[in-house]
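Asker: Just my_file.cif, nothing more (mmCIF, C-alpha atoms):
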data_protein
#
loop_
_atom_site.label_atom_id
_atom_site.label_comp_id
_atom_site.auth_asym_id
_atom_site.auth_seq_id
_atom_site.Cartn_x
_atom_site.Cartn_y
_atom_site.Cartn_z
CA MET P 257 29.37 16.29 -20.09
CA SER P 258 33.01 15.40 -20.39
CA LYS P 259 33.57 15.77 -16.66
CA ASP P 260 34.05 12.52 -14.78
CA ARG P 261 30.95 12.23 -12.64
CA SER P 262 32.16 9.56 -10.24
CA SER P 263 34.25 10.09 -7.15
CA LYS P 264 34.13 8.89 -3.57
CA ASN P 265 31.51 11.52 -2.74
CA THR P 266 28.98 10.45 -5.36
CA MET P 267 26.20 7.90 -5.46
CA GLU P 268 26.22 5.10 -7.99
CA ASN P 269 22.68 5.61 -9.38
CA SER P 270 22.83 2.11 -10.82
CA GLY P 271 19.03 1.94 -11.06
CA LEU P 272 19.08 4.46 -13.91
CA SER P 273 20.13 4.00 -17.51
CA ALA P 274 23.31 5.72 -18.76
CA ASP P 275 21.30 8.50 -20.39
CA GLU P 276 19.17 9.09 -17.31
CA GLN P 277 22.22 9.22 -15.07
CA LEU P 278 23.26 12.44 -16.78
CA LEU P 279 19.93 14.02 -15.85
CA PHE P 280 20.18 13.53 -12.10
CA CYS P 281 22.51 14.84 -9.44
CA ASN P 282 24.62 12.07 -7.96
CA ALA P 283 26.22 13.91 -5.03
CA ARG P 284 26.07 12.41 -1.55
CA PRO P 285 24.18 14.43 1.04
CA GLU P 286 26.19 15.91 3.89
CA PRO P 287 25.21 16.08 7.55
CA TYR P 288 24.11 19.39 9.00
CA LYS P 289 26.77 21.17 11.05
CA PRO P 290 25.43 23.24 13.95
CA TYR P 291 26.53 26.85 14.46
CA SER P 292 29.72 27.06 16.46
CA ILE P 293 28.28 29.62 18.90
CA LYS P 294 25.80 27.82 21.16
CA ALA P 295 23.49 30.82 21.62
CA VAL P 296 23.08 31.14 17.86
CA GLU P 297 22.29 27.45 17.50
CA ASP P 298 19.77 27.66 20.35
CA PHE P 299 18.11 30.61 18.70
CA ALA P 300 17.99 28.73 15.39
CA ASN P 301 16.44 25.72 17.13
CA TRP P 302 13.81 27.94 18.74
CA ALA P 303 12.99 29.36 15.33
CA ARG P 304 12.81 25.87 13.76
CA ALA P 305 10.52 24.59 16.52
CA ASN P 306 8.10 27.43 15.93
CA SER P 307 7.79 27.15 12.18
CA LEU P 308 6.73 23.61 11.42
CA TRP P 309 5.11 22.90 8.09
CA ILE P 310 3.40 19.59 7.54
CA LEU P 311 3.70 17.88 4.19
CA ALA P 312 0.24 17.10 2.81
CA PHE P 313 0.93 13.47 2.02
CA GLY P 314 -1.44 11.02 3.69
CA THR P 315 0.06 7.57 3.42
CA GLY P 316 -2.51 5.43 5.22
CA CYS P 317 -5.73 5.47 7.21
CA CYS P 318 -4.26 7.38 10.18
CA SER P 319 -3.87 10.43 8.01
CA ILE P 320 -7.63 10.91 8.34
CA GLU P 321 -6.73 12.27 11.80
CA LEU P 322 -5.01 15.21 10.15
CA ARG P 323 -8.31 16.60 8.84
CA PRO P 324 -9.91 17.42 12.20
CA LEU P 325 -6.51 18.72 13.24
CA MET P 326 -6.47 21.28 10.47
CA THR P 327 -10.09 22.36 10.80
CA ALA P 328 -11.96 24.27 13.46
CA ARG P 329 -12.31 21.73 16.24
CA PHE P 330 -8.64 21.05 16.99
CA ASP P 331 -7.24 23.84 14.82
CA ILE P 332 -3.53 23.18 14.64
CA SER P 333 -2.81 26.63 13.22
CA ARG P 334 -3.08 28.10 16.74
CA PHE P 335 0.31 26.46 17.29
CA GLY P 336 1.74 28.05 14.18
CA ILE P 337 1.60 24.85 12.14
CA ALA P 338 0.13 24.54 8.68
CA GLY P 339 0.05 22.19 5.76
CA ARG P 340 2.18 22.60 2.67
CA PRO P 341 1.51 21.00 -0.69
CA THR P 342 5.05 20.14 -1.77
CA PRO P 343 8.05 18.48 -0.09
CA ARG P 344 10.27 21.46 -0.90
CA GLN P 345 8.23 23.73 1.35
CA SER P 346 7.63 21.46 4.30
CA SER P 347 9.59 20.31 7.31
CA VAL P 348 7.43 17.69 9.06
CA PHE P 349 6.51 14.40 7.40
CA ILE P 350 3.67 12.63 9.22
CA ILE P 351 3.64 8.96 8.24
CA GLY P 352 -0.10 8.38 8.50
CA GLY P 353 -0.44 4.69 9.22
CA TYR P 354 0.47 1.61 7.25
CA VAL P 355 3.13 1.92 4.58
CA SER P 356 2.92 -0.35 1.57
CA VAL P 357 6.05 -1.00 -0.45
CA LYS P 358 4.67 1.05 -3.30
CA THR P 359 4.04 3.99 -0.97
CA LEU P 360 7.42 3.59 0.69
CA LYS P 361 9.10 4.37 -2.60
CA ARG P 362 7.14 7.64 -2.88
CA ILE P 363 7.79 8.45 0.79
CA ILE P 364 11.54 8.10 0.27
CA ARG P 365 11.40 10.33 -2.79
CA SER P 366 9.40 12.97 -0.95
CA TYR P 367 11.48 12.82 2.23
CA GLU P 368 14.76 13.20 0.39
CA GLN P 369 13.40 16.16 -1.55
CA MET P 370 12.47 17.97 1.67
CA GLN P 371 15.00 20.56 2.67
CA GLY P 372 16.45 20.49 6.16
CA PRO P 373 15.63 20.81 8.94
CA LYS P 374 13.16 17.95 8.54
CA PHE P 375 11.43 15.66 10.99
CA ILE P 376 9.35 12.48 10.77
CA ILE P 377 6.41 11.65 13.04
CA ALA P 378 5.29 8.02 12.71
CA LEU P 379 1.59 7.87 13.45
CA GLY P 380 -0.18 4.72 14.60
CA SER P 381 1.05 1.24 15.34
CA CYS P 382 1.65 0.15 11.74
CA PRO P 383 4.93 2.04 11.18
CA ALA P 384 6.13 0.92 14.60
CA ASN P 385 5.60 -2.84 14.38
CA GLY P 386 3.27 -3.65 11.49
CA GLY P 387 0.08 -3.19 13.50
CA MET P 388 -2.87 -5.11 12.12
CA TYR P 389 -1.02 -5.54 8.82
CA PHE P 390 1.86 -7.46 10.44
CA ASP P 391 1.32 -10.45 8.13
CA SER P 392 0.60 -8.59 4.91
CA TYR P 393 2.67 -9.37 1.84
CA ASN P 394 2.77 -5.72 0.90
CA THR P 395 3.19 -3.54 3.98
CA ILE P 396 6.44 -3.02 5.84
CA ASN P 397 6.70 -3.91 9.53
CA GLN P 398 9.39 -1.57 10.87
CA PHE P 399 9.45 1.88 9.38
CA ASP P 400 12.66 2.98 11.07
CA LEU P 401 14.64 0.49 9.00
CA TYR P 402 14.02 2.69 5.97
CA LEU P 403 13.85 6.27 7.23
CA PRO P 404 14.74 7.85 10.60
CA VAL P 405 11.81 8.55 12.92
CA ASP P 406 11.88 11.44 15.40
CA MET P 407 8.60 10.79 17.20
CA TYR P 408 6.25 7.83 17.49
CA VAL P 409 2.55 8.11 18.29
CA THR P 410 0.98 4.77 19.17
CA GLY P 411 -2.65 3.81 18.78
CA CYS P 412 -4.87 2.39 16.11
CA MET P 413 -5.69 5.00 15.25
CA PRO P 414 -4.49 7.74 17.62
CA ARG P 415 -6.85 10.55 18.54
CA PRO P 416 -6.02 14.05 17.28
CA GLU P 417 -5.14 14.97 20.88
CA ALA P 418 -2.38 12.38 20.81
CA LEU P 419 -1.00 13.84 17.62
CA LEU P 420 -1.16 17.33 19.12
CA ALA P 421 0.75 16.11 22.17
CA ALA P 422 3.35 14.53 19.89
CA ILE P 423 3.81 17.77 18.01
CA MET P 424 4.19 19.68 21.28
CA GLU P 425 6.81 17.19 22.38
CA LEU P 426 8.54 17.37 19.02
CA LYS P 427 8.78 21.13 19.48
CA GLU P 428 10.40 20.72 22.90
CA ASP P 429 12.83 18.19 21.44
CA ILE P 430 13.76 20.49 18.60
CA LYS P 431 14.36 23.35 21.03
CA VAL P 432 16.92 21.35 23.01
CA GLY P 433 18.42 20.03 19.78
CA ASN P 434 17.49 16.34 20.14
CA CYS P 435 15.84 15.79 16.75
CA ASP P 436 18.74 14.69 14.61
CA GLY P 437 16.85 12.19 12.42
CA ALA P 438 17.94 13.84 9.20
CA ASN P 439 21.58 13.68 10.32
CA ARG P 440 21.27 10.03 11.32
CA TYR P 441 19.88 9.34 7.86
CA VAL P 442 22.78 11.02 6.12
CA GLU P 443 25.45 9.48 8.35
CA ASN P 444 24.09 5.94 7.98
CA LEU P 445 22.93 6.40 4.40
CA ASP P 446 24.43 3.14 3.12
CA TRP P 447 22.65 1.10 5.80
CA TYR P 448 19.32 2.80 5.07
CA LYS P 449 19.78 2.41 1.32
CA ALA P 450 20.57 -1.30 1.67
CA ASN P 451 17.36 -1.80 3.68
CA GLN P 452 15.32 0.22 1.20
CA LYS P 453 16.62 -1.67 -1.80
CA LYS P 454 15.94 -4.98 -0.10
CA VAL P 455 12.17 -4.35 -0.22
CA ILE P 456 11.87 -2.04 -3.24
CA LYS P 457 12.74 -4.51 -5.97
CA ASN P 458 12.36 -2.19 -8.96
CA TRP P 459 14.63 0.65 -7.92
CA ASP P 460 14.35 2.93 -10.96
CA MET P 461 15.12 6.28 -9.36
CA PRO P 462 18.35 8.02 -8.28
CA ASP P 463 20.00 6.70 -5.13
CA TYR P 464 19.39 10.06 -3.46
CA ASN P 465 16.54 12.21 -4.75
CA TRP P 466 17.89 15.73 -4.53
CA MET J 182 -35.85 -15.55 -15.59
CA ASN J 183 -36.70 -19.26 -15.57
CA THR J 184 -37.44 -19.37 -19.30
CA LEU J 185 -34.11 -17.64 -19.92
CA LEU J 186 -32.26 -20.18 -17.78
CA ASP J 187 -34.03 -23.10 -19.50
CA ARG J 188 -33.02 -21.78 -22.90
CA LEU J 189 -29.44 -21.20 -21.80
CA ALA J 190 -29.30 -24.74 -20.40
CA THR J 191 -30.13 -26.21 -23.80
CA ASP J 192 -28.01 -23.76 -25.82
CA PHE J 193 -24.92 -23.45 -23.64
CA GLY J 194 -25.07 -26.39 -21.26
CA ILE J 195 -25.18 -24.31 -18.09
CA TYR J 196 -25.46 -26.21 -14.80
CA ASP J 197 -25.42 -25.66 -11.04
CA ILE J 198 -27.97 -22.85 -11.12
CA SER J 199 -28.64 -21.39 -7.68
CA ASP J 200 -30.44 -18.35 -6.30
CA ARG J 201 -27.97 -16.84 -3.86
CA LYS J 202 -30.20 -13.88 -3.03
CA PRO J 203 -33.58 -12.72 -4.38
CA ALA J 204 -31.97 -10.73 -7.18
CA ILE J 205 -28.72 -12.68 -7.65
CA THR J 206 -28.56 -15.94 -9.56
CA THR J 207 -25.37 -17.82 -10.29
CA LEU J 208 -24.78 -20.47 -12.90
CA LYS J 209 -21.84 -22.48 -14.10
CA VAL J 210 -20.69 -22.92 -17.65
CA GLU J 211 -17.85 -24.74 -19.37
CA LYS J 212 -14.75 -22.71 -20.21
CA GLN J 213 -15.20 -23.09 -23.98
CA GLN J 214 -18.78 -21.76 -23.88
CA ALA J 215 -18.15 -18.89 -21.47
CA GLU J 216 -17.31 -16.07 -23.85
CA ARG J 217 -20.19 -16.94 -26.20
CA LEU J 218 -22.60 -17.08 -23.27
CA ILE J 219 -21.48 -13.72 -21.88
CA ARG J 220 -21.71 -12.14 -25.33
CA GLU J 221 -25.24 -13.52 -25.75
CA LEU J 222 -26.29 -12.24 -22.32
CA ARG J 223 -24.93 -8.79 -23.10
CA ASP J 224 -26.28 -8.42 -26.63
CA ARG J 225 -29.61 -10.23 -26.45
CA GLU J 226 -30.72 -10.51 -22.84
CA GLY J 227 -30.03 -7.01 -21.50
CA TYR J 228 -27.15 -7.87 -19.14
CA THR J 229 -25.29 -4.81 -20.34
CA HIS J 230 -23.35 -3.99 -17.20
CA LEU J 231 -20.25 -5.83 -15.99
CA ASN J 232 -20.17 -5.46 -12.21
CA PHE J 233 -16.83 -7.17 -11.69
CA ILE J 234 -14.70 -10.17 -12.47
CA THR J 235 -13.20 -12.04 -9.57
CA CYS J 236 -11.58 -15.34 -8.82
CA ILE J 237 -11.98 -17.97 -6.09
CA ASP J 238 -9.09 -20.33 -5.39
CA TYR J 239 -10.29 -23.91 -4.73
CA ILE J 240 -6.85 -25.34 -4.09
CA GLU J 241 -8.26 -28.68 -2.84
CA GLN J 242 -9.92 -29.39 -6.20
CA GLY J 243 -7.08 -27.84 -8.19
CA ILE J 244 -9.27 -25.23 -9.87
CA PHE J 245 -9.83 -21.49 -10.00
CA THR J 246 -13.44 -20.35 -10.28
CA LEU J 247 -13.78 -17.13 -12.23
CA VAL J 248 -16.97 -15.17 -11.50
CA TYR J 249 -18.32 -12.71 -14.05
CA MET J 250 -21.03 -10.66 -12.37
CA LEU J 251 -23.45 -9.18 -14.92
CA HIS J 252 -26.29 -6.77 -14.23
CA ASN J 253 -29.53 -6.17 -16.11
CA TYR J 254 -30.85 -2.63 -15.71
CA GLY J 255 -34.23 -3.66 -17.18
CA ASP J 256 -35.40 -6.06 -14.49
CA LYS J 257 -32.64 -5.15 -11.98
CA SER J 258 -31.42 -8.72 -11.81
CA THR J 259 -27.84 -9.84 -11.40
CA LEU J 260 -26.37 -12.94 -12.95
CA GLY J 261 -23.10 -14.51 -11.86
CA VAL J 262 -21.46 -16.58 -14.56
CA GLU J 263 -18.98 -18.99 -12.97
CA VAL J 264 -16.26 -20.70 -14.96
CA ASP J 265 -13.93 -23.40 -13.60
CA ILE J 266 -10.42 -23.28 -15.00
CA ASP J 267 -7.39 -25.40 -14.33
CA ARG J 268 -5.08 -24.12 -11.60
CA GLU J 269 -1.91 -25.18 -13.39
CA ASN J 270 -1.21 -23.00 -16.45
CA ALA J 271 -4.36 -21.05 -15.67
CA GLU J 272 -5.65 -19.39 -18.82
CA MET J 273 -8.95 -17.85 -19.85
CA THR J 274 -10.42 -16.14 -22.90
CA SER J 275 -10.19 -12.37 -22.59
CA ILE J 276 -13.46 -10.43 -22.69
CA HIS J 277 -11.93 -6.96 -23.05
CA THR J 278 -13.62 -6.76 -26.48
CA LEU J 279 -17.03 -6.89 -24.76
CA TRP J 280 -16.34 -4.37 -21.99
CA ALA J 281 -13.25 -2.18 -22.17
CA GLN J 282 -12.98 -2.05 -18.38
CA ALA J 283 -12.53 -5.82 -18.26
CA TRP J 284 -8.84 -5.55 -19.00
CA THR J 285 -8.22 -3.80 -15.70
CA TYR J 286 -9.76 -6.74 -13.86
CA GLN J 287 -7.79 -9.11 -16.02
CA ARG J 288 -4.53 -7.35 -15.26
CA GLU J 289 -5.32 -7.62 -11.58
CA LEU J 290 -6.19 -11.31 -11.85
CA ARG J 291 -2.94 -11.98 -13.65
CA GLU J 292 -0.93 -10.24 -10.98
CA MET J 293 -2.77 -11.58 -7.94
CA PHE J 294 -3.54 -15.13 -9.13
CA GLY J 295 -1.29 -15.66 -12.14
CA ILE J 296 -4.14 -16.24 -14.59
CA ASN J 297 -3.25 -15.56 -18.21
CA PHE J 298 -5.62 -13.70 -20.54
CA PRO J 299 -4.05 -13.90 -24.01
CA GLY J 300 -4.61 -10.74 -26.05
CA SER J 301 -5.72 -8.60 -23.13
CA PRO J 302 -3.98 -5.18 -23.19
CA ARG J 303 -1.02 -4.34 -20.92
CA GLN J 304 -0.88 -7.80 -19.38
CA GLU J 305 2.87 -7.71 -18.85
CA GLU J 306 2.90 -4.45 -16.90
CA ASP J 307 2.87 -4.16 -13.12
CA PHE J 308 -0.53 -3.32 -11.74
CA CYS J 309 -0.57 -2.93 -7.93
CA LEU J 310 2.65 -4.66 -7.01
CA GLU J 311 5.89 -3.21 -8.27
CA GLY J 312 8.76 -5.55 -8.99
CA TRP J 313 7.04 -8.61 -7.50
CA ASP J 314 9.25 -11.69 -7.88
CA ASP J 315 7.44 -14.36 -5.84
CA ILE J 316 4.41 -16.51 -6.64
CA PRO J 317 1.22 -14.43 -7.02
CA PRO J 318 0.17 -13.40 -3.51
CA MET J 319 -3.52 -14.28 -3.64
CA ARG J 320 -2.86 -17.94 -4.45
CA ARG J 321 -3.60 -19.95 -1.36
CA GLU J 322 -0.27 -21.79 -1.36
CA PHE J 323 1.42 -18.41 -0.81
CA ASN J 324 2.16 -18.05 2.92
CA THR J 325 1.79 -14.34 3.53
CA LYS J 326 2.97 -14.46 7.20
CA THR J 327 6.20 -16.26 6.30
CA TYR J 328 6.82 -13.90 3.42
CA SER J 329 6.18 -10.85 5.59
CA THR J 330 8.51 -12.01 8.36
CA GLU J 331 11.27 -12.91 5.92
CA THR J 332 11.03 -9.74 3.88
CA PHE J 333 9.98 -7.06 6.37
CA GLY J 334 11.28 -8.54 9.62
CA HIS J 335 9.63 -8.82 13.01
CA ARG J 336 9.82 -6.09 15.65
CA GLU J 337 11.28 -7.44 18.89
CA GLY J 338 8.84 -7.12 21.75
CA ARG J 339 5.70 -7.45 19.67
CA VAL J 340 3.43 -10.14 21.13
CA SER J 341 0.18 -11.58 19.86
CA GLU J 342 -2.63 -12.53 22.25
CA ASP J 343 -5.52 -14.83 21.59
CA PRO J 344 -8.32 -12.22 21.42
CA ARG J 345 -10.89 -14.39 23.18
CA GLU J 346 -8.70 -15.34 26.12
CA HIS J 347 -7.23 -11.85 26.38
CA MET J 348 -10.62 -10.13 26.55
CA LYS J 349 -11.90 -12.67 29.08
CA ALA J 350 -8.99 -11.92 31.34
CA GLN J 351 -9.50 -8.18 30.84
CA LEU J 352 -13.26 -8.16 31.42
CA TYR J 353 -13.64 -10.86 34.09
CA PRO J 354 -10.38 -10.88 36.04
CA THR J 355 -11.92 -12.35 39.21
CA ARG J 356 -13.31 -15.41 37.45
CA GLY J 357 -9.87 -16.52 36.34
CA GLY J 358 -10.77 -16.20 32.68
CA ASP J 359 -13.71 -18.62 33.13
CA ASN J 360 -17.03 -16.92 32.51
#
Could you quickly redo this structure as structure tokens?

Answerer:
Amino acid sequence: MSKDRSSKNTMENSGLSADEQLLFCNARPEPYKPYSIKAVEDFANWARANSLWILAFGTGCCSIELRPLMTARFDISRFGIAGRPTPRQSSVFIIGGYVSVKTLKRIIRSYEQMQGPKFIIALGSCPANGGMYFDSYNTINQFDLYLPVDMYVTGCMPRPEALLAAIMELKEDIKVGNCDGANRYVENLDWYKANQKKVIKNWDMPDYNW
Amino acid sequence: MNTLLDRLATDFGIYDISDRKPAITTLKVEKQQAERLIRELRDREGYTHLNFITCIDYIEQGIFTLVYMLHNYGDKSTLGVEVDIDRENAEMTSIHTLWAQAWTYQRELREMFGINFPGSPRQEEDFCLEGWDDIPPMRREFNTKTYSTETFGHREGRVSEDPREHMKAQLYPTRGGDN
């Protein structure tokens, strides 16, 4: 490891010890560049909209709504959507309700490990404005300070129909190319990271979890 | 039960005995006697199960009240042993030698109330909160609303209604909120 690992396109990784820094990639993520031919990009967007995979990570009480969605009554698989067990295989992160600071750290890790294209649906009122946990010492009040949100579903908690409608709308948005949350995250990475580190006091992971 | 309480009163100086529910009795004991009393109850009197340890913050009197809830499987009775400790430099004898699970409760009490249990395992580690740098959040002088607004911000446009007045106006609009 004689190569100099720091340049203007690398992250500092100051939360890690010198030994650990050698173990992790420190490159900055780059924004996604669309295909130069519009028809190709449109076709790619159509394909993305029709193969959504939900990460099986229930963060709060709203994620209980995902269970009827997956099973026979609402049966989300008729829309070509299914759950995936790991971030590497999934493209939709449903933030199921309140987010405690401890969970936020895991959400950031999982979200950054997801491969693009990736989208976030914020479910319930807690990610939007704190909901009933607005005065809690341990739950965040505005989720979009920390990660980009593509679709909000309000309610406490929302019915599965509302979540289905949100997913339908997300599909339409992806088809016309409106869902650029992942790009916003990469372009404003320093702002997002500053917000994240303000609430996560023990930052002991890489600055970007490749 | 009464003969047991009489004997404990002479041996350990317990006071403030009250029957909270048919099967739950609470009693108070001095801090120095507490561990001996709990050991006696476990080894001799059949209170072999530790339900939980919790803490009540009486900020007006400057004390924490620790509650050790013990259960007897023989006569299905529950005994709450209450111990008053000083709020400043709060410290209590650890009972992790009596029940191994007690140290989990003691870690939680240290993190949430700042009570020290010398000798209890893994006291210095984070339990629920990670990287907490304020006063322990369950202490009553900790203002959770102020902390939340300062740390996590406030979403513009969010309003709070008084639930009673709001529901009156929703349910009885013609009566002008006066039912």

Asker: I need the output of the PyMOL selection byres ((chain P) within 6 of (chain J)) for this file as a PyMOL selection string; which residues are they?

Answerer: chain P and resi 385+391+393+396-397+457-458

Asker: Can you list, as a PyMOL selection string, every protein, DNA or RNA residue that comes within 7 Å of Glu368 in chain P when you count all atoms listed in the file, leaving out same-chain residues fewer than 5 positions away?

Answerer: chain P and resi 464-466

Asker: For the provided coordinates, the residues matched by the PyMOL selection byres ((chain P and resi 318) around 9) should be stated as a list in words.

Answerer: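 In the shown coordinates, the PyMOL selection byres ((chain P and resi 318) around 9) covers Gly314, Thr315, Gly316, Cys317, Ser319, Ile320, Glu321, Leu322, Ile351, Gly352, Gly353, Tyr354, Leu379, Gly380, Cys412, Met413 and Pro414 of chain P.
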
Asker: Which one is closest to Asp315 in chain J: P:Asn394, P:Arg340, P:Met461, P:Ala384? Count only C-alpha atoms.

Answerer: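 Ranking P:Asn394, P:Arg340, P:Met461, P:Ala384 by distance to Asp315 in chain J, first place goes to P:Asn394.
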
Asker: Counting all atoms listed in the file, which residue out of J:Glu322, J:Asp307, J:Asp343, J:Glu289 sits closest to Phe233 in chain J?

Answerer: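 Nearest candidate to Phe233 in chain J out of J:Glu322, J:Asp307, J:Asp343, J:Glu289: J:Glu289.
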
Asker: Grab the CA of Leu222 in chain J to CA of Leu260 in chain J distance for me, in Å with one decimal place.

Answerer: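 Distance between the two atoms: 9.4 Å.
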
Asker: If the PyMOL selection byres ((chain P and resi 399) around 9) is run on the structure shown, which residues does it catch, given as a PDB file with C-alpha atoms, in the frame of the given file?

Answerer:
ATOM      1  CA  VAL P 355       3.130   1.920   4.580  1.00  0.00           C
ATOM      2  CA  ALA P 378       5.290   8.020  12.710  1.00  0.00           C
ATOM      3  CA  CYS P 382       1.650   0.150  11.740  1.00  0.00           C
ATOM      4  CA  PRO P 383       4.930   2.040  11.180  1.00  0.00           C
ATOM      5  CA  ALA P 384       6.130   0.920  14.600  1.00  0.00           C
ATOM      6  CA  ASN P 385       5.600  -2.840  14.380  1.00  0.00           C
ATOM      7  CA  GLY P 386       3.270  -3.650  11.490  1.00  0.00           C
ATOM      8  CA  ILE P 396       6.440  -3.020   5.840  1.00  0.00           C
ATOM      9  CA  ASN P 397       6.700  -3.910   9.530  1.00  0.00           C
ATOM     10  CA  GLN P 398       9.390  -1.570  10.870  1.00  0.00           C
ATOM     11  CA  ASP P 400      12.660   2.980  11.070  1.00  0.00           C
ATOM     12  CA  LEU P 401      14.640   0.490   9.000  1.00  0.00           C
ATOM     13  CA  TYR P 402      14.020   2.690   5.970  1.00  0.00           C
ATOM     14  CA  LEU P 403      13.850   6.270   7.230  1.00  0.00           C
ATOM     15  CA  PRO P 404      14.740   7.850  10.600  1.00  0.00           C
ATOM     16  CA  VAL P 405      11.810   8.550  12.920  1.00  0.00           C
TER      17      VAL P 405
END

Asker: Give the answer as one residue: which of J:Leu185, J:Met273, J:Val248, J:Ile237 has the shortest atom-to-atom distance to Arg321 in chain J, using all atoms listed in the file?

Answerer: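 Closest to Arg321 in chain J, using all atoms listed in the file: J:Ile237.
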
Asker: For a test of reading the model, state the distance in Å between CA of Arg334 in chain P and CA of Pro373 in chain P, rounded to one decimal.

Answerer: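 Straight-line distance from CA of Arg334 in chain P to CA of Pro373 in chain P works out to 21.5 Å.
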
Asker: Select, from J:His230, J:His277, J:Arg217, J:Lys349, the residue with the minimum atom-to-atom distance to Thr259 in chain J, counting all atoms listed in the file.

Answerer: J:His230

Asker: Would you list the contacts of Lys264 in chain P as JSON, numbers by chain, taking every protein, DNA or RNA residue within 12 Å and counting all atoms listed in the file, but skipping same-chain residues closer than 5 positions in sequence?

Answerer: {"P": [282, 283, 284]}

Asker: Since we have the selection now, will you write its residues out, keeping C-alpha atoms, as a JSON list (two decimals), in the coordinates of the input?

Answerer:
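Now in result07.json:
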[["chain", "number", "residue", "atom", "x", "y", "z"],
["P", 282, "ASN", "CA", 24.62, 12.07, -7.96],
["P", 283, "ALA", "CA", 26.22, 13.91, -5.03],
["P", 284, "ARG", "CA", 26.07, 12.41, -1.55]]

Asker: Which residues, written as an mmCIF file with C-alpha atoms, keeping the file's coordinate frame, have at least one atom at most 10 Å from Leu290 in chain J, with all atoms listed in the file counted and residues fewer than 6 positions away on the same chain left out?

Answerer:
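For reference, selection_12.cif as written:
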data_model
loop_
_atom_site.group_PDB
_atom_site.id
_atom_site.type_symbol
_atom_site.label_atom_id
_atom_site.label_comp_id
_atom_site.auth_asym_id
_atom_site.auth_seq_id
_atom_site.Cartn_x
_atom_site.Cartn_y
_atom_site.Cartn_z
ATOM 1 C CA ILE J 234 -14.700 -10.170 -12.470
ATOM 2 C CA THR J 235 -13.200 -12.040 -9.570
ATOM 3 C CA CYS J 236 -11.580 -15.340 -8.820
ATOM 4 C CA LEU J 247 -13.780 -17.130 -12.230
ATOM 5 C CA TRP J 284 -8.840 -5.550 -19.000
ATOM 6 C CA ILE J 296 -4.140 -16.240 -14.590
ATOM 7 C CA ASN J 297 -3.250 -15.560 -18.210
ATOM 8 C CA PHE J 298 -5.620 -13.700 -20.540
ATOM 9 C CA GLN J 304 -0.880 -7.800 -19.380
ATOM 10 C CA PHE J 308 -0.530 -3.320 -11.740
ATOM 11 C CA PRO J 317 1.220 -14.430 -7.020
ATOM 12 C CA MET J 319 -3.520 -14.280 -3.640
#
